[in-house]
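**Student:** Would you mind keeping the following structure in view while I ask a few things?
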Amino acid sequence: MFIEPSLTGGRRGWIEVICGSMFSGKTEELIRRLNRAKIANLSVEIFKPAMDVRYDHEDIVSHNDSRILSTPVESSQQMLLLGQGTDVVAIDEAQFFDMELPNVCDQLALQGIRVIVAGLDMDFRGEPFGPIPALLAKAEYITKLHAICVRCGNIATHSYRLSAGSQRVLLGEKDHYEPRCRHCYAKGDAV
Ligand SMILES: Nc1ncnc2c1ncn2[C@@H]1O[C@H](COP(=O)(O)OP(=O)(O)O)[C@@H](O)[C@H]1O
Ligand SMILES: Cc1cn([C@H]2C[C@H](O)[C@@H](COP(=O)(O)O)O2)c(=O)[nH]c1=O
Ligand SMILES: [Zn+2]
């Protein structure tokens, strides 16, 4: 379990990334860290991409329905402006943001802000997703979570797309995706 290096004391300003497949618990873990920050009386600004309307327009919602209010934004530059002066900036579904996101997180962290980012490390093709690889390179702390493979019960690293469609962005949950281990993922429809 992730233990905060420092909540209120010491020199602050760093980047944490929570990554993994769909259903691995990224949003739950993000909400857990935010609740602890609030208990420590830290101010938090929570963002998500405006296009992510899967469960709710404003709330960040996990697959088991824990939720927290957020501000939907269109671009990473908006978070640089809106995050000024706060103790903690949190970003969910970060894979959907533009490639400026790593630089924005860098700038926020340099201002003494704790930046917590959650997102898919791989898309349904198993390719690195959007700005997440660059964020992983820049982060001080990385947590890689795993779901349970729905085919064999091993740890799942991949998000297998059940429906047809080659576009990278397709919002959905169990209607369109299932978490799989690398072996069941590689077998495709033959599993
Ligand atoms: N195959 C699965 N493996 C693990 N968790 C699952 C699975 N299917 C459903 N879940 C649920 O998903 C929850 C995690 O949801 P969430 O935090 O939204 O994940 P993520 O943000 O990584 O998609 C788990 O606590 C569990 O209740
Ligand atoms: C793999 C993959 C996923 N998506 C979408 C599907 C969901 O709406 C989100 C991921 O949500 P989660 O909180 O991690 O479960 O991303 C996509 O658009 N393209 C993909 O390749
Ligand atoms: Zn498997």
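Chain lettering (A, B, ...) mirrors the order of the structure tokens, residue numbering begins at 1 for each chain separately, and ligand numbering begins at 1 in order of display.
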Residues contacting ligand 1 - anything with an atom at most 7 Å away, using only C-alpha atoms and all ligand atoms - can you give me those as a list in words?
**Tutor:**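 Using only C-alpha atoms and all ligand atoms, everything at most 7 Å from ligand 1 comes to Gly20, Ser21, Met22, Phe23, Ser24, Gly25, Lys26, Thr27, Glu28, Glu29, Val61, Ser62, His63, Asn64, Ala147, Ile148, Cys149, Val150 and Pro179 of chain A.
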**Student:** Step by step, measure atom-to-atom distances between ligand 3 and each residue using only C-alpha atoms and all ligand atoms, keep those at most 12 Å, then write them as a list in words.
**Tutor:**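 The neighbouring residues of ligand 3 are, in order, His146, Ala147, Ile148, Cys149, Val150, Arg151, Cys152, Gly153, Asn154, Ile155, Ala156, Thr157, His158, Ser159, Tyr160, Glu178, Pro179, Arg180, Cys181, Arg182, His183, Cys184, Tyr185, Ala186, Lys187, Gly188 and Val191 of chain A.
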**Student:** Can you tell me which residues come within 6 Å of ligand 2 when counting only C-alpha atoms and all ligand atoms, ideally as an MDAnalysis selection string?
**Tutor:** chainID A and resid 22:23 120 123:124 159 168:173
**Student:** Once you have the residues from the selection above, write them out as a PDB file, in the first residue's frame, restricted to C-alpha atoms.
**Tutor:**
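out.pdb, freshly written:
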ATOM      1  CA  MET A  22      -9.202  -1.277 -16.418  1.00  0.00           C
ATOM      2  CA  PHE A  23     -10.776  -2.537 -13.144  1.00  0.00           C
ATOM      3  CA  LEU A 120      -4.438   3.503 -18.134  1.00  0.00           C
ATOM      4  CA  ASP A 123      -4.784   0.961 -24.616  1.00  0.00           C
ATOM      5  CA  PHE A 124      -6.813  -2.006 -25.887  1.00  0.00           C
ATOM      6  CA  SER A 159      -7.778  -4.323 -21.114  1.00  0.00           C
ATOM      7  CA  ARG A 168      -8.509   4.304 -29.717  1.00  0.00           C
ATOM      8  CA  VAL A 169     -11.091   6.094 -27.593  1.00  0.00           C
ATOM      9  CA  LEU A 170     -14.223   4.133 -26.793  1.00  0.00           C
ATOM     10  CA  LEU A 171     -15.758   4.892 -23.413  1.00  0.00           C
ATOM     11  CA  GLY A 172     -17.248   1.913 -21.627  1.00  0.00           C
ATOM     12  CA  GLU A 173     -16.961  -0.681 -18.913  1.00  0.00           C
TER      13      GLU A 173
END
**Student:** Counting only C-alpha atoms, what is within 10 Å of range 107-112 of chain A, bar same-chain residues fewer than 2 positions away, as a PyMOL selection string?
**Tutor:** chain A and resi 11-15+79-81+83-89+101-105+114-116+139
**Student:** Save the residues we just selected, N, CA and C atoms, as an mmCIF file, in the first residue's frame?
**Tutor:**
data_model
loop_
_atom_site.group_PDB
_atom_site.id
_atom_site.type_symbol
_atom_site.label_atom_id
_atom_site.label_comp_id
_atom_site.auth_asym_id
_atom_site.auth_seq_id
_atom_site.Cartn_x
_atom_site.Cartn_y
_atom_site.Cartn_z
ATOM 1 N N ARG A 11 9.792 19.256 2.584
ATOM 2 C CA ARG A 11 9.721 19.926 1.294
ATOM 3 C C ARG A 11 8.716 19.210 0.400
ATOM 4 N N ARG A 12 7.722 19.916 -0.079
ATOM 5 C CA ARG A 12 6.668 19.258 -0.830
ATOM 6 C C ARG A 12 6.794 19.536 -2.324
ATOM 7 N N GLY A 13 5.990 18.826 -3.088
ATOM 8 C CA GLY A 13 6.001 19.012 -4.538
ATOM 9 C C GLY A 13 6.584 17.815 -5.235
ATOM 10 N N TRP A 14 5.722 16.913 -5.691
ATOM 11 C CA TRP A 14 6.179 15.730 -6.401
ATOM 12 C C TRP A 14 5.027 15.169 -7.233
ATOM 13 N N ILE A 15 5.358 14.163 -8.063
ATOM 14 C CA ILE A 15 4.347 13.535 -8.918
ATOM 15 C C ILE A 15 4.196 12.065 -8.524
ATOM 16 N N MET A 79 -5.640 22.958 -16.094
ATOM 17 C CA MET A 79 -5.311 22.470 -14.746
ATOM 18 C C MET A 79 -4.159 23.262 -14.144
ATOM 19 N N LEU A 80 -3.265 23.741 -15.016
ATOM 20 C CA LEU A 80 -2.157 24.568 -14.529
ATOM 21 C C LEU A 80 -2.706 25.846 -13.909
ATOM 22 N N LEU A 81 -3.705 26.426 -14.532
ATOM 23 C CA LEU A 81 -4.309 27.655 -14.001
ATOM 24 C C LEU A 81 -5.147 27.361 -12.759
ATOM 25 N N GLY A 83 -5.140 24.871 -10.765
ATOM 26 C CA GLY A 83 -4.466 24.199 -9.656
ATOM 27 C C GLY A 83 -3.593 25.119 -8.802
ATOM 28 N N GLN A 84 -3.422 26.369 -9.255
ATOM 29 C CA GLN A 84 -2.527 27.294 -8.542
ATOM 30 C C GLN A 84 -2.920 27.438 -7.073
ATOM 31 N N GLY A 85 -1.928 27.362 -6.198
ATOM 32 C CA GLY A 85 -2.140 27.691 -4.786
ATOM 33 C C GLY A 85 -2.745 26.574 -3.952
ATOM 34 N N THR A 86 -3.040 25.437 -4.568
ATOM 35 C CA THR A 86 -3.627 24.343 -3.790
ATOM 36 C C THR A 86 -2.522 23.404 -3.288
ATOM 37 N N ASP A 87 -2.853 22.561 -2.319
ATOM 38 C CA ASP A 87 -1.843 21.620 -1.797
ATOM 39 C C ASP A 87 -1.713 20.385 -2.683
ATOM 40 N N VAL A 88 -2.857 19.890 -3.170
ATOM 41 C CA VAL A 88 -2.872 18.632 -3.924
ATOM 42 C C VAL A 88 -3.682 18.817 -5.212
ATOM 43 N N VAL A 89 -3.121 18.388 -6.320
ATOM 44 C CA VAL A 89 -3.857 18.314 -7.587
ATOM 45 C C VAL A 89 -4.001 16.842 -7.955
ATOM 46 N N LEU A 101 0.491 17.286 -20.758
ATOM 47 C CA LEU A 101 0.217 16.958 -19.346
ATOM 48 C C LEU A 101 1.488 16.721 -18.512
ATOM 49 N N PRO A 102 2.488 15.978 -19.007
ATOM 50 C CA PRO A 102 3.691 15.779 -18.182
ATOM 51 C C PRO A 102 4.373 17.104 -17.810
ATOM 52 N N ASN A 103 4.438 18.051 -18.754
ATOM 53 C CA ASN A 103 5.044 19.348 -18.438
ATOM 54 C C ASN A 103 4.210 20.134 -17.438
ATOM 55 N N VAL A 104 2.908 20.061 -17.587
ATOM 56 C CA VAL A 104 2.026 20.738 -16.634
ATOM 57 C C VAL A 104 2.230 20.166 -15.227
ATOM 58 N N CYS A 105 2.298 18.852 -15.126
ATOM 59 C CA CYS A 105 2.507 18.216 -13.814
ATOM 60 C C CYS A 105 3.865 18.619 -13.231
ATOM 61 N N ARG A 114 1.550 18.628 -4.535
ATOM 62 C CA ARG A 114 1.551 17.161 -4.691
ATOM 63 C C ARG A 114 0.590 16.822 -5.825
ATOM 64 N N VAL A 115 1.102 16.176 -6.858
ATOM 65 C CA VAL A 115 0.297 15.878 -8.042
ATOM 66 C C VAL A 115 0.073 14.365 -8.109
ATOM 67 N N ILE A 116 -1.192 13.962 -8.096
ATOM 68 C CA ILE A 116 -1.524 12.528 -8.145
ATOM 69 C C ILE A 116 -2.292 12.271 -9.443
ATOM 70 N N ALA A 139 7.704 10.763 -12.878
ATOM 71 C CA ALA A 139 7.124 10.643 -11.533
ATOM 72 C C ALA A 139 8.151 10.223 -10.488
#
**Student:** Residues of range 31-70 of chain A in strand (DSSP E) according to DSSP, as a PyMOL selection string?
**Tutor:** chain A and resi 44-49+59-61+67-69
**Student:** Which of these, A:Thr8, A:Val73, A:Arg67, A:Ile60, has the shortest distance to Lys38 in chain A once you count only C-alpha atoms?
**Tutor:**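 Closest candidate: A:Thr8.
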**Student:** Just checking: using only C-alpha atoms, which residue out of A:Phe47, A:Gln77, A:Ser163, A:Ala90 ends up closest to Arg32 in chain A?
**Tutor:**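 Of all the options, A:Ala90 lies closest to Arg32 in chain A.
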**Student:** Apply DSSP to the structure's backbone, then extract all residues of chain A labelled helix (DSSP H, G or I) and return them as a PyMOL selection string.
**Tutor:** chain A and resi 26-39+76-82+94-96+101-110+132-138+182-190
**Student:** Please determine, counting only C-alpha atoms, which residue among A:Ala50, A:Pro5, A:Asp56, A:Leu69 has the shortest atom-to-atom distance to Leu34 in chain A.
**Tutor:** A:Leu69
**Student:** Ranking A:Ala40, A:Asp106, A:Leu162, A:Ile113 by minimum distance to Ala137 in chain A and counting only C-alpha atoms, which one comes first?
**Tutor:** A:Asp106
**Student:** Go ahead and compute the interatomic distance for CA of Pro72 in chain A and CA of Glu58 in chain A, in Å to one decimal.
**Tutor:**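 CA of Glu58 in chain A lies 6.1 Å from CA of Pro72 in chain A.
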